[in-house]
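Reproduced below: my_file19.txt, with compact mmCIF, C-alpha atoms and all ligand atoms.
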# COMPACT_ATOMS: atom_id res chain seq x y z
CA MET A 20 0.00 0.00 0.00
CA ASN A 21 1.24 3.52 -0.75
CA PHE A 22 1.01 6.45 1.70
CA LEU A 23 -2.42 7.60 0.48
CA GLU A 24 -3.93 4.11 0.52
CA GLU A 25 -2.67 3.67 4.08
CA ARG A 26 -4.27 6.97 5.11
CA ILE A 27 -7.57 6.01 3.45
CA ILE A 28 -7.66 2.73 5.37
CA LYS A 29 -6.85 4.57 8.60
CA ASP A 30 -9.20 7.57 8.35
CA ALA A 31 -11.70 7.38 5.46
CA VAL A 32 -15.34 6.40 6.05
CA VAL A 33 -17.43 4.55 3.45
CA LYS A 34 -20.89 6.12 3.15
CA PRO A 35 -23.98 4.78 1.40
CA GLY A 36 -24.37 5.93 -2.23
CA ASN A 37 -20.77 5.16 -3.24
CA VAL A 38 -19.37 8.12 -1.33
CA LEU A 39 -16.03 7.93 0.44
CA LYS A 40 -15.76 10.50 3.20
CA VAL A 41 -12.26 11.88 3.64
CA ASP A 42 -13.07 15.10 5.46
CA SER A 43 -10.61 14.51 8.30
CA PHE A 44 -7.55 14.75 6.02
CA LEU A 45 -8.41 15.74 2.42
CA ASN A 46 -11.37 18.00 1.89
CA HIS A 47 -12.48 19.69 5.08
CA GLN A 48 -9.70 19.42 7.63
CA MET A 49 -6.58 19.10 5.47
CA ASP A 50 -3.31 17.35 6.24
CA ILE A 51 -0.85 19.69 4.52
CA GLU A 52 2.06 17.27 4.79
CA LEU A 53 -0.06 14.74 2.91
CA MET A 54 -0.89 17.40 0.28
CA ASP A 55 2.83 18.04 -0.18
CA ARG A 56 3.59 14.32 -0.55
CA MET A 57 0.89 14.08 -3.21
CA GLY A 58 2.35 17.16 -4.92
CA GLU A 59 5.77 15.48 -5.08
CA GLU A 60 4.26 12.24 -6.35
CA PHE A 61 2.42 13.99 -9.18
CA TYR A 62 5.57 15.96 -9.98
CA ASN A 63 7.51 12.69 -10.37
CA ARG A 64 4.84 11.21 -12.61
CA PHE A 65 4.49 14.25 -14.91
CA LYS A 66 7.90 15.97 -14.68
CA ASP A 67 8.72 15.35 -18.36
CA ALA A 68 5.40 16.71 -19.67
CA GLY A 69 6.48 20.37 -19.90
CA VAL A 70 3.70 21.54 -17.56
CA THR A 71 3.17 25.34 -17.58
CA LYS A 72 -0.07 25.47 -15.59
CA VAL A 73 -2.00 23.37 -13.06
CA LEU A 74 -5.80 23.48 -13.38
CA THR A 75 -8.40 22.29 -10.88
CA ILE A 76 -12.00 22.98 -9.86
CA GLU A 77 -13.18 24.59 -6.64
CA ALA A 78 -13.25 23.74 -3.88
CA SER A 79 -11.63 20.53 -2.80
CA GLY A 80 -9.11 20.20 -5.64
CA ILE A 81 -7.45 23.51 -4.74
CA ALA A 82 -5.20 22.35 -1.90
CA ILE A 83 -3.71 19.42 -3.80
CA ALA A 84 -3.31 21.55 -6.93
CA CYS A 85 -1.39 24.18 -4.90
CA SER A 86 1.14 21.59 -3.77
CA VAL A 87 1.50 20.27 -7.31
CA ALA A 88 1.96 23.78 -8.73
CA ARG A 89 4.63 24.56 -6.14
CA CYS A 90 6.61 21.45 -7.16
CA PHE A 91 6.46 22.49 -10.83
CA GLY A 92 7.07 26.19 -10.09
CA VAL A 93 4.05 27.18 -12.22
CA PRO A 94 0.74 28.98 -11.46
CA MET A 95 -2.35 27.13 -10.30
CA VAL A 96 -5.72 28.12 -11.78
CA PHE A 97 -9.04 26.90 -10.45
CA ALA A 98 -12.33 26.80 -12.33
CA LYS A 99 -14.92 28.80 -10.39
CA LYS A 100 -18.54 27.81 -9.96
CA SER A 101 -20.59 30.64 -11.41
CA LYS A 102 -24.18 31.50 -10.51
CA SER A 103 -24.44 34.09 -13.24
CA VAL A 104 -26.67 33.15 -16.19
CA ASN A 105 -25.27 35.87 -18.41
CA ILE A 106 -21.68 34.87 -18.71
CA ASP A 107 -19.65 37.35 -20.74
CA GLY A 108 -17.15 36.54 -23.46
CA ASP A 109 -14.10 36.93 -21.24
CA VAL A 110 -14.36 33.43 -19.79
CA PHE A 111 -14.25 29.81 -20.90
CA VAL A 112 -17.33 27.93 -19.62
CA ALA A 113 -18.27 24.28 -19.03
CA GLU A 114 -21.25 22.62 -17.39
CA VAL A 115 -20.34 20.14 -14.68
CA GLU A 116 -22.75 17.83 -12.89
CA SER A 117 -21.75 17.44 -9.25
CA PHE A 118 -21.50 13.83 -8.12
CA THR A 119 -21.91 14.72 -4.44
CA HIS A 120 -24.58 17.44 -4.73
CA LYS A 121 -26.44 16.10 -7.79
CA ASN A 122 -26.80 19.54 -9.35
CA VAL A 123 -25.31 21.11 -12.48
CA ASN A 124 -22.90 24.03 -12.12
CA LYS A 125 -21.50 26.31 -14.75
CA VAL A 126 -17.77 26.58 -14.13
CA ILE A 127 -15.65 29.34 -15.59
CA VAL A 128 -12.02 30.24 -16.14
CA SER A 129 -10.97 33.70 -17.26
CA LYS A 130 -9.46 33.82 -20.74
CA LYS A 131 -6.54 35.72 -19.20
CA PHE A 132 -5.26 32.60 -17.47
CA LEU A 133 -5.24 29.93 -20.20
CA LYS A 134 -3.42 30.54 -23.46
CA PRO A 135 -2.84 28.38 -26.56
CA GLU A 136 0.83 27.86 -25.63
CA ASP A 137 -0.03 26.41 -22.19
CA LYS A 138 0.56 22.78 -21.29
CA VAL A 139 -1.97 21.97 -18.62
CA LEU A 140 -1.90 19.37 -15.85
CA ILE A 141 -5.42 18.85 -14.49
CA ILE A 142 -5.68 17.85 -10.81
CA ASP A 143 -8.66 16.84 -8.65
CA ASP A 144 -9.33 15.05 -5.38
CA PHE A 145 -11.80 12.42 -6.65
CA LEU A 146 -12.76 10.77 -9.91
CA ALA A 147 -16.21 9.18 -10.05
CA ASN A 148 -18.16 9.53 -13.31
CA GLY A 149 -15.68 11.94 -14.83
CA CYS A 150 -17.91 15.04 -15.23
CA ALA A 151 -15.50 17.35 -13.41
CA LEU A 152 -12.52 16.19 -15.48
CA GLN A 153 -14.47 16.40 -18.74
CA GLY A 154 -15.44 19.99 -17.89
CA LEU A 155 -11.82 20.91 -17.17
CA ILE A 156 -10.64 19.20 -20.38
CA SER A 157 -13.28 21.08 -22.35
CA ILE A 158 -12.25 24.44 -20.84
CA THR A 159 -8.57 23.75 -21.55
CA GLU A 160 -9.20 22.72 -25.13
CA SER A 161 -11.48 25.72 -25.81
CA SER A 162 -8.49 27.91 -24.95
CA GLY A 163 -6.27 26.14 -27.50
CA ALA A 164 -4.00 24.89 -24.68
CA LYS A 165 -2.99 21.23 -24.44
CA VAL A 166 -3.95 18.80 -21.68
CA VAL A 167 -0.66 17.00 -20.95
CA GLY A 168 -1.97 14.91 -18.09
CA LEU A 169 -4.56 14.40 -15.37
CA GLY A 170 -3.76 13.57 -11.75
CA ILE A 171 -6.33 12.31 -9.25
CA ALA A 172 -5.88 11.55 -5.57
CA ILE A 173 -8.67 8.95 -5.27
CA GLU A 174 -10.28 7.27 -8.26
CA LYS A 175 -13.34 5.12 -7.65
CA GLY A 176 -12.52 2.42 -10.17
CA PHE A 177 -16.00 0.91 -10.06
CA GLN A 178 -17.44 4.09 -11.60
CA ILE A 179 -16.99 4.92 -15.27
CA GLY A 180 -14.89 8.12 -15.21
CA GLY A 181 -11.43 6.53 -15.29
CA ARG A 182 -12.26 4.28 -18.22
CA VAL A 183 -13.84 7.12 -20.21
CA ILE A 184 -10.88 9.49 -19.73
CA ARG A 185 -8.25 6.80 -20.51
CA ASN A 186 -10.21 5.69 -23.58
CA LEU A 187 -10.07 9.27 -24.85
CA GLY A 188 -6.28 8.82 -24.88
CA TYR A 189 -5.27 11.06 -21.96
CA LYS A 190 -2.54 10.16 -19.48
CA LEU A 191 -4.48 9.77 -16.23
CA GLU A 192 -2.64 8.92 -13.02
CA SER A 193 -4.52 8.15 -9.80
CA LEU A 194 -2.63 7.75 -6.53
CA ALA A 195 -5.24 5.35 -5.14
CA ILE A 196 -7.85 3.41 -7.09
CA VAL A 197 -10.69 1.99 -5.02
CA ASP A 198 -12.14 -1.03 -6.80
CA GLU A 199 -14.64 -2.04 -4.15
CA MET A 200 -16.05 -0.47 -1.02
CA ASP A 201 -18.80 -1.57 1.30
CA ALA A 202 -20.67 0.90 3.49
CA GLU A 203 -22.11 -1.76 5.82
CA LYS A 204 -18.85 -3.58 6.49
CA GLY A 205 -16.69 -0.48 6.12
CA THR A 206 -14.27 -2.34 3.82
CA ILE A 207 -12.20 -0.82 0.99
CA LYS A 208 -10.29 -2.74 -1.70
CA PHE A 209 -7.61 -1.07 -3.83
CA ARG A 210 -6.51 -1.91 -7.36
CA GLU A 211 -2.92 -3.16 -7.55
CA GLN A 212 -0.91 -0.59 -9.55
P1 LIG B 301 -17.16 13.14 -11.09
O1 LIG B 301 -17.29 14.48 -11.73
O2 LIG B 301 -15.96 12.37 -11.54
O3 LIG B 301 -18.43 12.33 -11.16
O4 LIG B 301 -16.97 13.41 -9.53
C1 LIG B 301 -15.81 14.05 -9.09
C2 LIG B 301 -16.13 15.16 -8.14
O5 LIG B 301 -17.14 14.79 -7.22
C3 LIG B 301 -14.88 15.50 -7.32
O6 LIG B 301 -14.51 16.83 -7.64
C4 LIG B 301 -15.30 15.38 -5.86
O7 LIG B 301 -15.38 16.66 -5.29
C5 LIG B 301 -16.69 14.77 -5.88
N1 LIG B 301 -16.69 13.34 -5.45
C6 LIG B 301 -16.99 12.27 -6.23
N2 LIG B 301 -17.01 11.15 -5.53
C7 LIG B 301 -16.69 11.49 -4.26
C8 LIG B 301 -16.56 10.73 -3.04
O8 LIG B 301 -16.72 9.50 -2.97
N3 LIG B 301 -16.22 11.42 -1.93
C9 LIG B 301 -16.04 12.78 -1.94
N4 LIG B 301 -15.70 13.35 -0.79
N5 LIG B 301 -16.17 13.53 -3.06
C10 LIG B 301 -16.50 12.89 -4.21
Spit out the file's structure as structure tokens when you get a sec.
Amino acid sequence: MNFLEERIIKDAVVKPGNVLKVDSFLNHQMDIELMDRMGEEFYNRFKDAGVTKVLTIEASGIAIACSVARCFGVPMVFAKKSKSVNIDGDVFVAEVESFTHKNVNKVIVSKKFLKPEDKVLIIDDFLANGCALQGLISITESSGAKVVGLGIAIEKGFQIGGRVIRNLGYKLESLAIVDEMDAEKGTIKFREQ
């Protein structure tokens, strides 16, 4: 088991509805040393990709993306959830269905912060059905920039997102892939990587 898998076994809670709760170390209270270890791990996996920008989506991807961006020495940009219906032409927009909240958000990134010459590493905390990643890919590609990789802390391998993104030909690296989890027994099984 790697350091993240060990932490998941120690502190994560399996909830009904295929939700893994990690709020004691990843997305409410945050273990910053763990964030920095994940940053270094993603740096090692993507260091030859020529990354110029790290892109994530608010809110829970931001902390991991900060650590990754610091390792690469590049800016981090996060897609903002926008309530505004009339979105002006200064932003790239995508619609993202939230797995946890079951609603659809418009997310935006200012055109100032993604340029055609950028090589973008997309980072997020979880991968379930892949809507968040597809939105971030769509925003990146609308800017003319290139997606050079995607890094996920926890992929739920029994949901379709990972397969969809890999089938599209992107390099997707997940630090932990959960293949099975059981809310009643509280058990979690990881994919061997
Ligand atoms: P997707 O868009 O791939 O369906 O879902 C990914 C997004 O939903 C992530 O940004 C994450 O915030 C949230 N998410 C999906 N599954 C889980 C989960 O099991 N636990 C938590 N805490 N968040 C999740």
Between atom CA of A:Arg210 and atom CA of A:Ile173, distance in Å (one decimal): 11.3 Å
Around ligand LIG 301 (chain B), which protein and nucleic acid residues have at least one atom no more than 6 Å from it, if we count only C-alpha atoms and all ligand atoms? List them as a tab-separated table (two decimals) with C-alpha atoms, in the coordinates of the input.
chain	number	residue	atom	x	y	z
A	37	ASN	CA	-20.77	5.16	-3.24
A	38	VAL	CA	-19.37	8.12	-1.33
A	39	LEU	CA	-16.03	7.93	0.44
A	40	LYS	CA	-15.76	10.50	3.20
A	41	VAL	CA	-12.26	11.88	3.64
A	79	SER	CA	-11.63	20.53	-2.80
A	117	SER	CA	-21.75	17.44	-9.25
A	118	PHE	CA	-21.50	13.83	-8.12
A	119	THR	CA	-21.91	14.72	-4.44
A	143	ASP	CA	-8.66	16.84	-8.65
A	144	ASP	CA	-9.33	15.05	-5.38
A	145	PHE	CA	-11.80	12.42	-6.65
A	146	LEU	CA	-12.76	10.77	-9.91
A	147	ALA	CA	-16.21	9.18	-10.05
A	148	ASN	CA	-18.16	9.53	-13.31
A	149	GLY	CA	-15.68	11.94	-14.83
A	150	CYS	CA	-17.91	15.04	-15.23
A	151	ALA	CA	-15.50	17.35	-13.41
A	180	GLY	CA	-14.89	8.12	-15.21
Nearest residue to A:Pro135 from the set A:Ile81, A:Glu174, A:Lys72, A:Leu194 (distances using all atoms listed in the file):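 Counting all atoms listed in the file, the residue closest to A:Pro135 is A:Lys72.
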Spatial neighbours of A:Val115, 7 Å, all atoms listed in the file, chain gap at least 5 places, as a PyMOL selection string: chain A and resi 123-126+150-151+154
Near-A:Gly92 list (10 Å; only C-alpha atoms; drop same-chain fewer than 5 positions) as a list in words: Val70, Thr71, Lys72, Val73, Ser86 and Val87 of chain A
Top pick for closest residue to A:Glu116, considering A:Val96, A:Val197, A:Leu152, A:Leu53 and counting all atoms listed in the file: A:Leu152
Separation of atom CA of A:Thr159 from atom CA of A:Val110 in Å: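 It comes out at 11.4 Å.
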A:Ala172 surroundings by all atoms listed in the file, 12 Å radius, close-in-sequence under 3 positions cut, as a ChimeraX atom specification: /A:21-24,26-27,41,45-46,53-54,56-58,60-61,79-80,82-84,87,141-147,169,175,191-197
Top pick for closest residue to A:Thr75, considering A:Met20, A:Val128, A:Asp50, A:Lys204 and counting only C-alpha atoms: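 Going through A:Met20, A:Val128, A:Asp50, A:Lys204 one by one, the smallest distance to A:Thr75 is for A:Val128.
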Shell around A:Ile158 at 7 Å using all atoms listed in the file, local window under 2 positions removed, as a PyMOL selection string: chain A and resi 111-113+154-156+160-162
Interatomic distance, atom CA of A:Lys99 to atom CA of A:Tyr189 (Å, one decimal):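 Interatomic distance, atom CA of A:Lys99 to atom CA of A:Tyr189: 23.3 Å.
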Shortest interatomic distance to A:Lys34 - which of A:Asn186, A:Thr206, A:Gln153, A:Gln48, counting all atoms listed in the file: A:Thr206
Nearest to A:Lys121, chosen from A:Gly36, A:Asp107, A:Ala202, A:Lys208, with all atoms listed in the file counted in the distances: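 Among A:Gly36, A:Asp107, A:Ala202, A:Lys208, it is A:Gly36 that comes nearest to A:Lys121.
With distances taken over only C-alpha atoms, A:Glu203 is the one residue among A:Asp67, A:Glu203, A:Glu77, A:Asp198 lying closest to A:Val32.
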Rebuild stretch 55-77 of chain A to N, CA, C and O atoms - output it as a short mmCIF file (atom, residue, chain, number, x, y, z; two decimals), in the frame of the given file, please.
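The resulting file, part.cif, is reproduced below:
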data_model
loop_
_atom_site.label_atom_id
_atom_site.label_comp_id
_atom_site.auth_asym_id
_atom_site.auth_seq_id
_atom_site.Cartn_x
_atom_site.Cartn_y
_atom_site.Cartn_z
N ASP A 55 1.50 17.84 0.40
CA ASP A 55 2.83 18.04 -0.18
C ASP A 55 3.41 16.73 -0.71
O ASP A 55 4.07 16.71 -1.74
N ARG A 56 3.12 15.63 -0.04
CA ARG A 56 3.59 14.32 -0.55
C ARG A 56 2.90 14.00 -1.87
O ARG A 56 3.51 13.47 -2.79
N MET A 57 1.61 14.33 -1.95
CA MET A 57 0.89 14.08 -3.21
C MET A 57 1.44 14.98 -4.31
O MET A 57 1.61 14.54 -5.44
N GLY A 58 1.76 16.24 -3.94
CA GLY A 58 2.35 17.16 -4.92
C GLY A 58 3.63 16.59 -5.50
O GLY A 58 3.83 16.58 -6.72
N GLU A 59 4.49 16.05 -4.62
CA GLU A 59 5.77 15.48 -5.08
C GLU A 59 5.54 14.26 -5.96
O GLU A 59 6.23 14.06 -6.96
N GLU A 60 4.56 13.46 -5.58
CA GLU A 60 4.26 12.24 -6.35
C GLU A 60 3.77 12.59 -7.76
O GLU A 60 4.22 12.03 -8.75
N PHE A 61 2.89 13.58 -7.84
CA PHE A 61 2.42 13.99 -9.18
C PHE A 61 3.56 14.62 -9.98
O PHE A 61 3.66 14.42 -11.19
N TYR A 62 4.41 15.37 -9.28
CA TYR A 62 5.57 15.96 -9.98
C TYR A 62 6.41 14.84 -10.61
O TYR A 62 6.78 14.91 -11.78
N ASN A 63 6.70 13.79 -9.83
CA ASN A 63 7.51 12.69 -10.37
C ASN A 63 6.85 12.02 -11.56
O ASN A 63 7.51 11.64 -12.52
N ARG A 64 5.53 11.91 -11.52
CA ARG A 64 4.84 11.21 -12.61
C ARG A 64 4.72 12.05 -13.87
O ARG A 64 4.54 11.50 -14.96
N PHE A 65 4.74 13.39 -13.74
CA PHE A 65 4.49 14.25 -14.91
C PHE A 65 5.66 15.19 -15.20
O PHE A 65 5.50 16.13 -15.99
N LYS A 66 6.83 14.96 -14.59
CA LYS A 66 7.90 15.97 -14.68
C LYS A 66 8.42 16.18 -16.10
O LYS A 66 8.98 17.23 -16.40
N ASP A 67 8.21 15.19 -16.99
CA ASP A 67 8.72 15.35 -18.36
C ASP A 67 7.66 15.89 -19.32
O ASP A 67 7.87 15.90 -20.54
N ALA A 68 6.51 16.32 -18.79
CA ALA A 68 5.40 16.71 -19.67
C ALA A 68 5.43 18.19 -20.06
O ALA A 68 4.58 18.65 -20.83
N GLY A 69 6.38 18.95 -19.53
CA GLY A 69 6.48 20.37 -19.90
C GLY A 69 5.36 21.24 -19.33
O GLY A 69 4.98 22.25 -19.93
N VAL A 70 4.85 20.85 -18.16
CA VAL A 70 3.70 21.54 -17.56
C VAL A 70 3.98 23.04 -17.35
O VAL A 70 5.00 23.41 -16.78
N THR A 71 3.05 23.89 -17.82
CA THR A 71 3.17 25.34 -17.58
C THR A 71 2.07 25.85 -16.65
O THR A 71 2.13 26.98 -16.17
N LYS A 72 1.02 25.03 -16.45
CA LYS A 72 -0.07 25.47 -15.59
C LYS A 72 -0.77 24.26 -14.98
O LYS A 72 -0.90 23.22 -15.63
N VAL A 73 -1.21 24.41 -13.71
CA VAL A 73 -2.00 23.37 -13.06
C VAL A 73 -3.42 23.88 -12.97
O VAL A 73 -3.64 25.02 -12.55
N LEU A 74 -4.39 23.06 -13.38
CA LEU A 74 -5.80 23.48 -13.38
C LEU A 74 -6.62 22.53 -12.52
O LEU A 74 -6.47 21.31 -12.61
N THR A 75 -7.49 23.12 -11.66
CA THR A 75 -8.40 22.29 -10.88
C THR A 75 -9.75 22.98 -10.82
O THR A 75 -10.00 23.96 -11.53
N ILE A 76 -10.65 22.43 -9.98
CA ILE A 76 -12.00 22.98 -9.86
C ILE A 76 -12.26 23.22 -8.38
O ILE A 76 -11.83 22.42 -7.54
N GLU A 77 -12.94 24.34 -8.06
CA GLU A 77 -13.18 24.59 -6.64
C GLU A 77 -14.21 23.61 -6.10
O GLU A 77 -15.05 23.15 -6.85
#
